[in-house]
>>> print(open('protein_30.csv').read())   # CSV, C-alpha atoms and all ligand atoms
chain,number,residue,atom,x,y,z
M,15,VAL,CA,66.5,160.3,47.0
M,16,GLY,CA,64.2,158.8,49.6
M,17,TRP,CA,65.8,156.1,51.6
M,18,ASP,CA,69.1,156.7,49.9
M,19,ARG,CA,69.5,159.6,52.3
M,20,VAL,CA,69.5,157.2,55.3
M,21,LYS,CA,73.0,155.7,55.6
M,22,GLY,CA,74.2,152.8,57.5
M,23,HIS,CA,70.9,151.3,58.7
M,24,ASN,CA,70.1,148.8,56.0
M,25,GLY,CA,69.0,146.1,58.4
M,26,VAL,CA,66.5,148.4,60.1
M,27,LEU,CA,65.2,149.6,56.7
M,28,LYS,CA,64.7,146.0,55.5
M,29,ARG,CA,62.7,145.2,58.6
M,30,PHE,CA,60.4,148.2,58.0
M,31,GLN,CA,59.9,147.5,54.3
M,32,ARG,CA,59.0,143.8,55.0
M,33,ALA,CA,56.5,144.9,57.7
M,34,ALA,CA,55.0,147.5,55.4
M,35,GLN,CA,54.6,145.0,52.5
M,36,ARG,CA,52.8,142.6,54.8
M,37,GLY,CA,50.6,145.4,56.2
M,38,ARG,CA,52.2,144.9,59.6
M,39,LEU,CA,53.5,148.2,60.6
M,40,ALA,CA,53.1,148.9,64.3
M,41,HIS,CA,51.3,152.0,65.5
M,42,ALA,CA,54.0,153.1,67.9
M,43,TYR,CA,57.8,152.8,67.6
M,44,LEU,CA,60.6,153.7,70.0
M,45,PHE,CA,63.8,154.5,68.1
M,46,VAL,CA,66.8,154.2,70.4
M,47,GLY,CA,70.5,154.7,69.8
M,48,PRO,CA,73.4,157.3,70.1
M,49,GLU,CA,72.6,160.9,69.1
M,50,GLY,CA,73.4,161.9,65.5
M,51,VAL,CA,73.3,158.5,63.8
M,52,GLY,CA,70.2,159.3,61.7
M,53,LYS,CA,67.2,158.3,63.8
M,54,LYS,CA,65.2,161.5,63.1
M,55,LEU,CA,66.1,161.3,59.4
M,56,PHE,CA,64.9,157.7,59.4
M,57,ALA,CA,61.6,158.8,61.1
M,58,ARG,CA,61.1,161.5,58.4
M,59,GLU,CA,61.7,159.1,55.6
M,60,PHE,CA,59.2,156.7,57.2
M,61,GLY,CA,56.7,159.5,57.4
M,62,LYS,CA,57.2,160.4,53.8
M,63,ALA,CA,56.8,156.8,52.7
M,64,VAL,CA,53.6,156.5,54.6
M,65,LEU,CA,52.1,159.7,53.3
M,66,CYS,CA,53.5,159.6,49.8
M,67,GLU,CA,50.9,159.7,47.1
M,68,GLN,CA,52.9,157.7,44.6
M,69,SER,CA,54.5,155.2,46.8
M,70,GLY,CA,54.2,151.6,45.4
M,71,GLN,CA,55.0,148.2,46.8
M,72,GLU,CA,58.5,149.2,48.0
M,73,PHE,CA,57.4,151.5,50.8
M,74,ALA,CA,59.6,154.3,49.6
M,75,ALA,CA,58.8,158.0,49.1
M,76,CYS,CA,58.8,159.3,45.5
M,77,ASP,CA,60.2,162.7,46.7
M,78,ARG,CA,58.2,164.3,43.9
M,79,CYS,CA,54.5,164.3,44.8
M,80,HIS,CA,52.8,167.1,46.6
M,81,SER,CA,52.8,165.2,49.9
M,82,CYS,CA,56.6,164.4,49.8
M,83,ILE,CA,57.3,168.0,49.0
M,84,LEU,CA,55.2,169.2,51.9
M,85,VAL,CA,57.0,166.9,54.4
M,86,GLU,CA,60.4,168.1,53.1
M,87,ALA,CA,59.3,171.7,53.5
M,88,GLY,CA,58.0,171.0,57.0
M,89,ASN,CA,54.5,172.0,56.0
M,90,HIS,CA,52.6,168.7,55.8
M,91,PRO,CA,49.4,168.8,57.9
M,92,ASP,CA,49.6,165.1,58.7
M,93,PHE,CA,53.3,165.0,59.6
M,94,LEU,CA,54.3,166.5,62.9
M,95,VAL,CA,57.7,166.6,64.7
M,96,GLU,CA,57.8,167.9,68.3
M,97,SER,CA,60.7,168.2,70.7
M,98,ARG,CA,61.3,169.3,74.2
M,99,PRO,CA,61.7,173.1,74.3
M,100,PRO,CA,65.4,173.9,75.0
M,101,GLU,CA,64.7,176.0,78.1
M,102,VAL,CA,63.0,173.2,80.1
M,103,GLN,CA,64.3,169.9,81.4
M,104,GLU,CA,61.2,167.8,80.8
M,105,PHE,CA,58.9,167.3,77.9
M,106,PRO,CA,55.9,169.5,78.9
M,107,VAL,CA,52.6,167.7,79.3
M,108,GLU,CA,50.7,170.6,77.6
M,109,LEU,CA,52.8,170.1,74.5
M,110,MET,CA,52.2,166.3,74.6
M,111,ARG,CA,48.4,167.0,75.0
M,112,SER,CA,48.4,169.1,71.9
M,113,VAL,CA,50.5,166.6,70.0
M,114,CYS,CA,48.0,163.8,71.0
M,115,ALA,CA,45.0,166.0,70.1
M,116,SER,CA,46.3,166.6,66.6
M,117,PHE,CA,47.2,162.9,66.3
M,118,SER,CA,43.5,161.9,66.9
M,119,LEU,CA,42.2,164.3,64.3
M,120,LYS,CA,41.2,163.0,60.9
M,121,SER,CA,44.0,162.9,58.4
M,122,ALA,CA,43.9,166.1,56.4
M,123,ARG,CA,45.2,164.6,53.2
M,124,GLY,CA,43.6,161.2,53.7
M,125,ARG,CA,46.7,159.1,53.9
M,126,GLY,CA,47.0,158.8,57.7
M,127,LYS,CA,49.2,160.6,60.2
M,128,VAL,CA,52.7,160.4,61.4
M,129,VAL,CA,53.9,162.1,64.7
M,130,VAL,CA,57.5,162.1,65.7
M,131,ILE,CA,58.4,162.9,69.3
M,132,ASP,CA,62.1,163.8,69.7
M,133,ASP,CA,63.8,164.0,73.1
M,134,ALA,CA,61.6,161.1,74.3
M,135,ASP,CA,64.1,160.5,77.1
M,136,ASP,CA,62.8,163.6,78.7
M,137,LEU,CA,59.1,162.6,79.0
M,138,ASN,CA,57.9,162.9,82.5
M,139,GLU,CA,55.3,160.6,84.0
M,140,GLU,CA,52.4,162.9,83.1
M,141,SER,CA,53.4,163.3,79.4
M,142,ALA,CA,54.2,159.6,79.1
M,143,ASN,CA,50.7,158.8,80.4
M,144,CYS,CA,49.1,161.2,78.0
M,145,PHE,CA,51.0,159.5,75.2
M,146,LEU,CA,49.9,156.0,76.4
M,147,LYS,CA,46.2,157.1,76.5
M,148,THR,CA,46.5,158.1,72.9
M,149,LEU,CA,47.9,154.7,72.1
M,150,GLU,CA,44.9,152.9,73.4
M,151,GLU,CA,42.8,153.7,70.4
M,152,PRO,CA,45.1,154.7,67.6
M,153,PRO,CA,43.4,156.0,64.5
M,154,ALA,CA,43.8,153.9,61.3
M,155,GLN,CA,47.0,154.6,59.3
M,156,SER,CA,48.5,156.6,62.2
M,157,TYR,CA,52.0,156.2,63.5
M,158,LEU,CA,53.7,157.6,66.6
M,159,ILE,CA,57.5,157.5,66.7
M,160,LEU,CA,59.4,158.2,69.9
M,161,VAL,CA,63.1,159.1,69.4
M,162,GLY,CA,65.4,158.7,72.4
M,163,ALA,CA,68.8,157.4,73.5
M,164,ALA,CA,68.0,154.1,75.3
M,165,ARG,CA,65.0,152.0,76.1
M,166,ASP,CA,65.8,152.0,79.9
M,167,ARG,CA,65.1,155.8,79.9
M,168,GLN,CA,61.4,154.9,79.3
M,169,LEU,CA,58.7,153.7,81.6
M,170,PRO,CA,58.1,150.0,81.2
M,171,THR,CA,54.5,150.7,80.1
M,172,ILE,CA,55.8,152.7,77.2
M,173,VAL,CA,58.4,150.1,76.2
M,174,SER,CA,55.7,147.4,76.2
M,175,ARG,CA,53.4,149.4,74.0
M,176,CYS,CA,56.0,150.4,71.4
M,177,GLN,CA,58.1,148.4,69.0
M,178,VAL,CA,61.6,149.1,70.0
M,179,VAL,CA,64.0,149.8,67.1
M,180,PRO,CA,67.7,150.0,68.0
M,181,PHE,CA,70.0,152.2,65.8
M,182,GLY,CA,73.7,151.4,66.1
M,183,PRO,CA,76.6,153.8,65.6
M,184,LEU,CA,77.5,154.5,62.0
M,185,PRO,CA,80.6,152.9,60.4
M,186,ALA,CA,83.6,155.2,60.0
M,187,PRO,CA,83.6,155.1,56.1
M,188,VAL,CA,79.9,156.3,56.1
M,189,ILE,CA,80.8,159.2,58.4
M,190,ASP,CA,83.9,160.0,56.4
M,191,ASP,CA,81.9,160.1,53.2
M,192,LEU,CA,79.4,162.5,54.8
M,193,LEU,CA,82.2,164.8,56.0
M,194,VAL,CA,83.6,165.0,52.5
M,195,LYS,CA,80.2,165.8,51.2
M,196,GLN,CA,80.0,168.6,53.7
M,197,GLY,CA,83.1,170.1,52.2
M,198,ILE,CA,85.6,169.0,54.9
M,199,GLU,CA,88.5,168.1,52.6
M,200,ASP,CA,91.5,168.2,55.0
M,201,ARG,CA,92.4,164.6,55.8
M,202,ALA,CA,94.0,165.2,59.3
M,203,ASN,CA,90.8,167.2,60.2
M,204,ARG,CA,88.6,164.3,59.1
M,205,GLN,CA,90.7,161.7,60.9
M,206,ALA,CA,90.5,163.7,64.1
M,207,ALA,CA,86.7,164.1,63.7
M,208,LEU,CA,86.3,160.4,63.1
M,209,ARG,CA,88.2,159.5,66.2
M,210,LEU,CA,86.0,161.8,68.2
M,211,ALA,CA,82.7,160.8,66.5
M,212,GLU,CA,82.0,157.5,68.1
M,213,GLY,CA,79.8,156.6,65.3
M,214,SER,CA,77.8,159.8,65.3
M,215,VAL,CA,77.6,162.2,62.4
M,216,ALA,CA,76.5,165.1,64.6
M,217,ARG,CA,79.6,164.6,66.8
M,218,ALA,CA,81.9,164.3,63.8
M,219,LEU,CA,80.6,167.6,62.3
M,220,GLU,CA,81.0,169.2,65.7
M,221,ALA,CA,84.6,168.0,66.0
M,222,ALA,CA,85.4,169.2,62.5
M,223,ASP,CA,84.3,172.7,63.2
M,224,SER,CA,87.0,175.4,62.8
M,225,GLU,CA,86.9,176.6,66.4
M,226,VAL,CA,87.4,173.1,67.5
M,227,GLN,CA,90.3,172.6,65.1
M,228,VAL,CA,92.0,175.6,66.7
M,229,PHE,CA,91.5,174.1,70.1
M,230,ARG,CA,92.9,170.8,68.9
M,231,ALA,CA,96.0,172.4,67.5
M,232,GLY,CA,96.4,174.3,70.7
M,233,VAL,CA,96.2,171.1,72.8
M,234,MET,CA,98.7,169.5,70.5
M,235,GLU,CA,101.1,172.5,70.9
M,236,SER,CA,100.6,172.6,74.6
M,237,LEU,CA,101.3,168.9,75.0
M,238,GLY,CA,104.2,169.1,72.5
M,239,GLN,CA,106.1,171.7,74.6
M,240,GLY,CA,106.7,169.4,77.5
M,241,LYS,CA,108.2,172.1,79.7
M,242,LYS,CA,105.1,174.1,79.8
M,243,ASP,CA,103.1,173.2,82.7
M,244,LEU,CA,99.9,171.1,82.3
M,245,ALA,CA,97.8,173.6,84.2
M,246,ASP,CA,97.9,175.7,81.0
M,247,LEU,CA,96.0,172.9,79.3
M,248,ALA,CA,93.2,173.3,81.8
M,249,LYS,CA,93.1,177.1,81.3
M,250,PHE,CA,93.0,176.6,77.6
M,251,TRP,CA,90.2,174.1,78.0
M,252,TRP,CA,88.2,176.6,80.1
M,253,ALA,CA,88.6,179.3,77.4
M,254,PHE,CA,87.3,176.9,74.9
M,255,VAL,CA,84.3,176.1,77.1
M,256,GLU,CA,83.5,179.8,77.5
M,257,GLN,CA,83.7,180.4,73.8
M,258,GLY,CA,80.7,178.1,73.6
M,259,GLY,CA,78.4,180.9,74.9
M,260,LYS,CA,76.6,181.6,78.1
M,261,GLU,CA,74.1,178.8,78.0
M,262,SER,CA,74.9,176.0,80.4
M,263,ALA,CA,73.9,173.1,78.2
M,264,ALA,CA,76.1,174.5,75.4
M,265,GLN,CA,79.0,175.0,77.8
M,266,ARG,CA,78.7,171.5,79.1
M,267,ARG,CA,78.7,170.1,75.5
M,268,ARG,CA,81.8,172.0,74.8
M,269,ALA,CA,83.4,170.9,78.0
M,270,LYS,CA,82.9,167.3,77.1
M,271,LEU,CA,84.1,167.7,73.6
M,272,GLY,CA,87.3,169.5,74.9
M,273,LEU,CA,87.9,166.7,77.4
M,274,ARG,CA,87.4,164.1,74.7
M,275,ILE,CA,90.0,165.8,72.5
M,276,MET,CA,92.5,165.8,75.3
M,277,VAL,CA,91.9,162.1,76.1
M,278,ASP,CA,92.1,161.3,72.4
M,279,PHE,CA,95.6,162.8,72.3
M,280,LEU,CA,96.8,161.2,75.5
M,281,HIS,CA,95.5,157.8,74.4
M,282,SER,CA,97.2,158.2,71.1
M,283,ALA,CA,100.5,159.2,72.8
M,284,ILE,CA,100.2,156.0,74.9
M,285,HIS,CA,99.6,154.0,71.7
M,286,CYS,CA,102.6,155.6,70.1
M,287,ALA,CA,104.8,154.6,73.0
M,288,VAL,CA,103.9,150.9,72.7
M,289,ASP,CA,103.3,150.6,68.9
M,290,THR,CA,105.9,151.7,66.4
M,291,THR,CA,103.5,151.3,63.5
M,292,PHE,CA,100.9,153.7,65.0
M,293,GLU,CA,99.1,155.7,62.3
M,294,GLY,CA,95.9,157.7,61.8
M,295,TYR,CA,97.7,161.0,62.3
M,296,ASP,CA,99.8,163.4,60.2
M,297,GLU,CA,103.6,162.9,60.3
M,298,SER,CA,104.1,166.1,62.3
M,299,GLU,CA,101.4,165.1,64.8
M,300,ILE,CA,102.9,161.7,65.3
M,301,LYS,CA,106.2,163.4,66.1
M,302,VAL,CA,104.6,165.4,68.8
M,303,LEU,CA,102.9,162.3,70.2
M,304,ARG,CA,106.1,160.3,70.3
M,305,GLY,CA,107.9,163.2,71.9
M,306,LEU,CA,105.3,163.5,74.6
M,307,ALA,CA,105.3,159.7,75.2
M,308,ALA,CA,109.1,159.7,75.5
M,309,GLN,CA,109.2,162.7,77.8
M,310,ALA,CA,106.3,161.9,80.1
M,311,GLY,CA,106.4,158.2,80.1
M,312,VAL,CA,103.4,155.9,79.8
M,313,GLU,CA,102.8,155.8,83.5
M,314,SER,CA,102.2,159.5,83.9
M,315,LEU,CA,100.2,159.7,80.7
M,316,ILE,CA,97.8,157.2,82.1
M,317,GLN,CA,97.5,159.2,85.3
M,318,ILE,CA,96.8,162.4,83.4
M,319,THR,CA,94.2,160.6,81.3
M,320,GLU,CA,92.5,159.2,84.3
M,321,ARG,CA,92.3,162.6,85.9
M,322,ILE,CA,90.8,164.1,82.7
M,323,LEU,CA,88.2,161.2,82.5
M,324,GLU,CA,87.3,162.1,86.1
M,325,ALA,CA,86.6,165.6,85.0
M,326,ASP,CA,84.5,164.2,82.2
M,327,TYR,CA,82.5,162.2,84.7
M,328,GLN,CA,81.9,165.3,86.8
M,329,VAL,CA,80.6,167.2,83.8
M,330,GLU,CA,78.3,164.3,83.0
M,331,ARG,CA,77.0,164.4,86.6
M,332,ARG,CA,76.4,168.1,86.2
M,333,VAL,CA,78.9,169.3,88.8
M,334,GLN,CA,79.3,173.1,88.4
M,335,LEU,CA,81.8,173.7,85.6
M,336,VAL,CA,83.8,176.3,87.5
M,337,LEU,CA,84.4,173.7,90.3
M,338,VAL,CA,85.4,171.1,87.7
M,339,VAL,CA,88.0,173.3,86.1
M,340,GLU,CA,89.4,174.5,89.4
M,341,ALA,CA,90.0,171.0,90.6
M,342,LEU,CA,91.4,170.0,87.3
M,343,LEU,CA,93.8,172.9,87.3
M,344,PHE,CA,95.1,172.0,90.7
M,345,ASP,CA,95.6,168.3,89.9
M,346,LEU,CA,97.1,168.9,86.5
M,347,ASP,CA,99.6,171.3,88.0
M,348,ARG,CA,100.7,168.6,90.4
M,349,LEU,CA,100.8,165.9,87.7
M,350,GLY,CA,102.6,168.3,85.3
M,351,ALA,CA,105.7,167.9,87.5
M,352,PHE,CA,106.7,165.2,85.1
M,353,ALA,CA,107.8,167.8,82.6
M,354,THR,CA,110.3,169.5,84.8
M,355,SER,CA,111.5,166.4,86.7
M,356,SER,CA,112.5,164.6,83.4
M,357,ASN,CA,114.6,167.6,82.3
I,401,ZN,ZN,55.7,161.1,47.1
>>> encode(input="protein_30.csv", output="structure tokens", more="lines below")
Ligand SMILES: [Zn+2]
Amino acid sequence: VGWDRVKGHNGVLKRFQRAAQRGRLAHAYLFVGPEGVGKKLFAREFGKAVLCEQSGQEFAACDRCHSCILVEAGNHPDFLVESRPPEVQEFPVELMRSVCASFSLKSARGRGKVVVIDDADDLNEESANCFLKTLEEPPAQSYLILVGAARDRQLPTIVSRCQVVPFGPLPAPVIDDLLVKQGIEDRANRQAALRLAEGSVARALEAADSEVQVFRAGVMESLGQGKKDLADLAKFWWAFVEQGGKESAAQRRRAKLGLRIMVDFLHSAIHCAVDTTFEGYDESEIKVLRGLAAQAGVESLIQITERILEADYQVERRVQLVLVVEALLFDLDRLGAFATSSN
């Protein structure tokens, strides 16, 4: 219960508990770090600990009192979480105004207020200024938490008024544990998810999804049959992207995940070629990787990897996906010549 739910951030937790015991919590925090490592979860436990009606010296929520139950149910009048609506690019100032207005109101249950603002990377100048104005006279026992990816996404005025709390990537065993708890039993599936997770639970879960598994198996098959041309790989990737739905943000996410999966295979094949003790894959998969490395040669594997990383960069830069796939198709077709020339 309580803080036990927060995994892999003991250092941060200790800092908060010490500060709370000394009555030195700041009024505003900026949580920064990769997505899906538990920043929002931490913010909620923080809110519960502040508002808990039974919390003692330890600054931990009891998870039983009325207040704790209300926060868990998303119904606590003094605990508010707001995020940028998915259909807009910036955090709207109207929303920020209403958040700030409710922050300035008296605490309904008398234990203070906690407001969490997710997607803080997307504050525009107007909403940031509204936020700053609220910080000039924070009500007693009130806390504002901004959650974002990096401090350099914020105006210097925000950074200087908030205590910045960095959250690091989660260690692999912590993520593996969480995957098992989510019912993902297959070891090869978990190993693949861990490689793609980069310390983020959200990414690991996404990578362990069944549709993604099918794609992964397909990439493996496509790379395993050296004679098949590489352009098929790009077509396959495109189908995977379209499967993600019509919405462009979702497609982009899929696109990046698909590219990461390909790069992961290619990197592993390169490793296989230079390291005979290579592991972290199933036997059958290792066989495919070794076959690929032997047939294509490290040199061309590196070339293909670089070309795919270029596509990843284009997706990141929001180049139209149709253009990305067309260019990738063209180049992979050319690079795929390795398969026929070595036969
Ligand atoms: Zn409680």
>>> closest_atom_pairs(input="protein_30.csv", of="chain M", to="ligand ZN 401 (chain I)", cutoff="7 Å", atoms="all atoms listed in the file", output="CSV")
residue,atom,partner,partner_atom,distance
M:Lys62,CA,I:ZN401,ZN,6.9
M:Cys66,CA,I:ZN401,ZN,3.8
M:Glu67,CA,I:ZN401,ZN,5.0
M:Gln68,CA,I:ZN401,ZN,5.1
M:Ser69,CA,I:ZN401,ZN,6.0
M:Ala75,CA,I:ZN401,ZN,4.8
M:Cys76,CA,I:ZN401,ZN,3.9
M:Asp77,CA,I:ZN401,ZN,4.8
M:Arg78,CA,I:ZN401,ZN,5.2
M:Cys79,CA,I:ZN401,ZN,4.1
M:His80,CA,I:ZN401,ZN,6.7
M:Ser81,CA,I:ZN401,ZN,5.7
M:Cys82,CA,I:ZN401,ZN,4.4
>>> write_last_selection(input="protein_30.csv", atoms="C-alpha atoms", output="short mmCIF file (atom, residue, chain, number, x, y, z; two decimals), keeping the file's coordinate frame")
data_model
loop_
_atom_site.label_atom_id
_atom_site.label_comp_id
_atom_site.auth_asym_id
_atom_site.auth_seq_id
_atom_site.Cartn_x
_atom_site.Cartn_y
_atom_site.Cartn_z
CA LYS M 62 57.20 160.40 53.80
CA CYS M 66 53.50 159.60 49.80
CA GLU M 67 50.90 159.70 47.10
CA GLN M 68 52.90 157.70 44.60
CA SER M 69 54.50 155.20 46.80
CA ALA M 75 58.80 158.00 49.10
CA CYS M 76 58.80 159.30 45.50
CA ASP M 77 60.20 162.70 46.70
CA ARG M 78 58.20 164.30 43.90
CA CYS M 79 54.50 164.30 44.80
CA HIS M 80 52.80 167.10 46.60
CA SER M 81 52.80 165.20 49.90
CA CYS M 82 56.60 164.40 49.80
#
>>> residues_around(input="protein_30.csv", residues="segment 197-201 of chain M", least_positions_apart="2", cutoff="12 Å", atoms="only C-alpha atoms", output="MDAnalysis selection string")
chainID M and resid 189:195 203:208 218:224 227 294:296
>>> closest_atom_pairs(input="protein_30.csv", of="segment 228-258 of chain M", to="segment 307-326 of chain M", cutoff="12 Å", atoms="only C-alpha atoms", output="JSON lines")
{"residue": "M:Leu237", "atom": "CA", "partner": "M:Ala310", "partner_atom": "CA", "distance": 10.0}
{"residue": "M:Gly238", "atom": "CA", "partner": "M:Gln309", "partner_atom": "CA", "distance": 9.7}
{"residue": "M:Gln239", "atom": "CA", "partner": "M:Gln309", "partner_atom": "CA", "distance": 10.0}
{"residue": "M:Gly240", "atom": "CA", "partner": "M:Gln309", "partner_atom": "CA", "distance": 7.2}
{"residue": "M:Lys241", "atom": "CA", "partner": "M:Gln309", "partner_atom": "CA", "distance": 9.6}
{"residue": "M:Leu244", "atom": "CA", "partner": "M:Ile318", "partner_atom": "CA", "distance": 9.3}
{"residue": "M:Ala245", "atom": "CA", "partner": "M:Ile318", "partner_atom": "CA", "distance": 11.3}
{"residue": "M:Leu247", "atom": "CA", "partner": "M:Ile322", "partner_atom": "CA", "distance": 10.8}
{"residue": "M:Ala248", "atom": "CA", "partner": "M:Ile322", "partner_atom": "CA", "distance": 9.6}
{"residue": "M:Trp251", "atom": "CA", "partner": "M:Ile322", "partner_atom": "CA", "distance": 11.1}
>>> residues_near_point(input="protein_30.csv", point="(66.6, 152.7, 69.0)", cutoff="8 Å", atoms="all atoms listed in the file", output="list in words")
Leu44, Phe45, Val46, Gly47, Lys53, Val161, Gly162, Ala163, Ala164, Arg165, Val178, Val179, Pro180, Phe181 and Gly182 of chain M
>>> atom_distance(input="protein_30.csv", atom1="atom CA of Arg32 of chain M", atom2="atom CA of Val64 of chain M")
13.8 Å
>>> atom_distance(input="protein_30.csv", atom1="atom CA of Ser116 of chain M", atom2="atom CA of Val85 of chain M")
16.2 Å
>>> residues_around(input="protein_30.csv", residues="Leu55 of chain M", least_positions_apart="3", cutoff="12 Å", atoms="all atoms listed in the file", output="list in words")
Gly16, Trp17, Asp18, Arg19, Val20, Lys21, Gly22, His23, Phe45, Glu49, Gly50, Val51, Gly52, Arg58, Glu59, Phe60, Gly61, Lys62, Val85, Glu86, Val95, Val130, Asp132, Ile159, Val161, Phe181 and Val215 of chain M
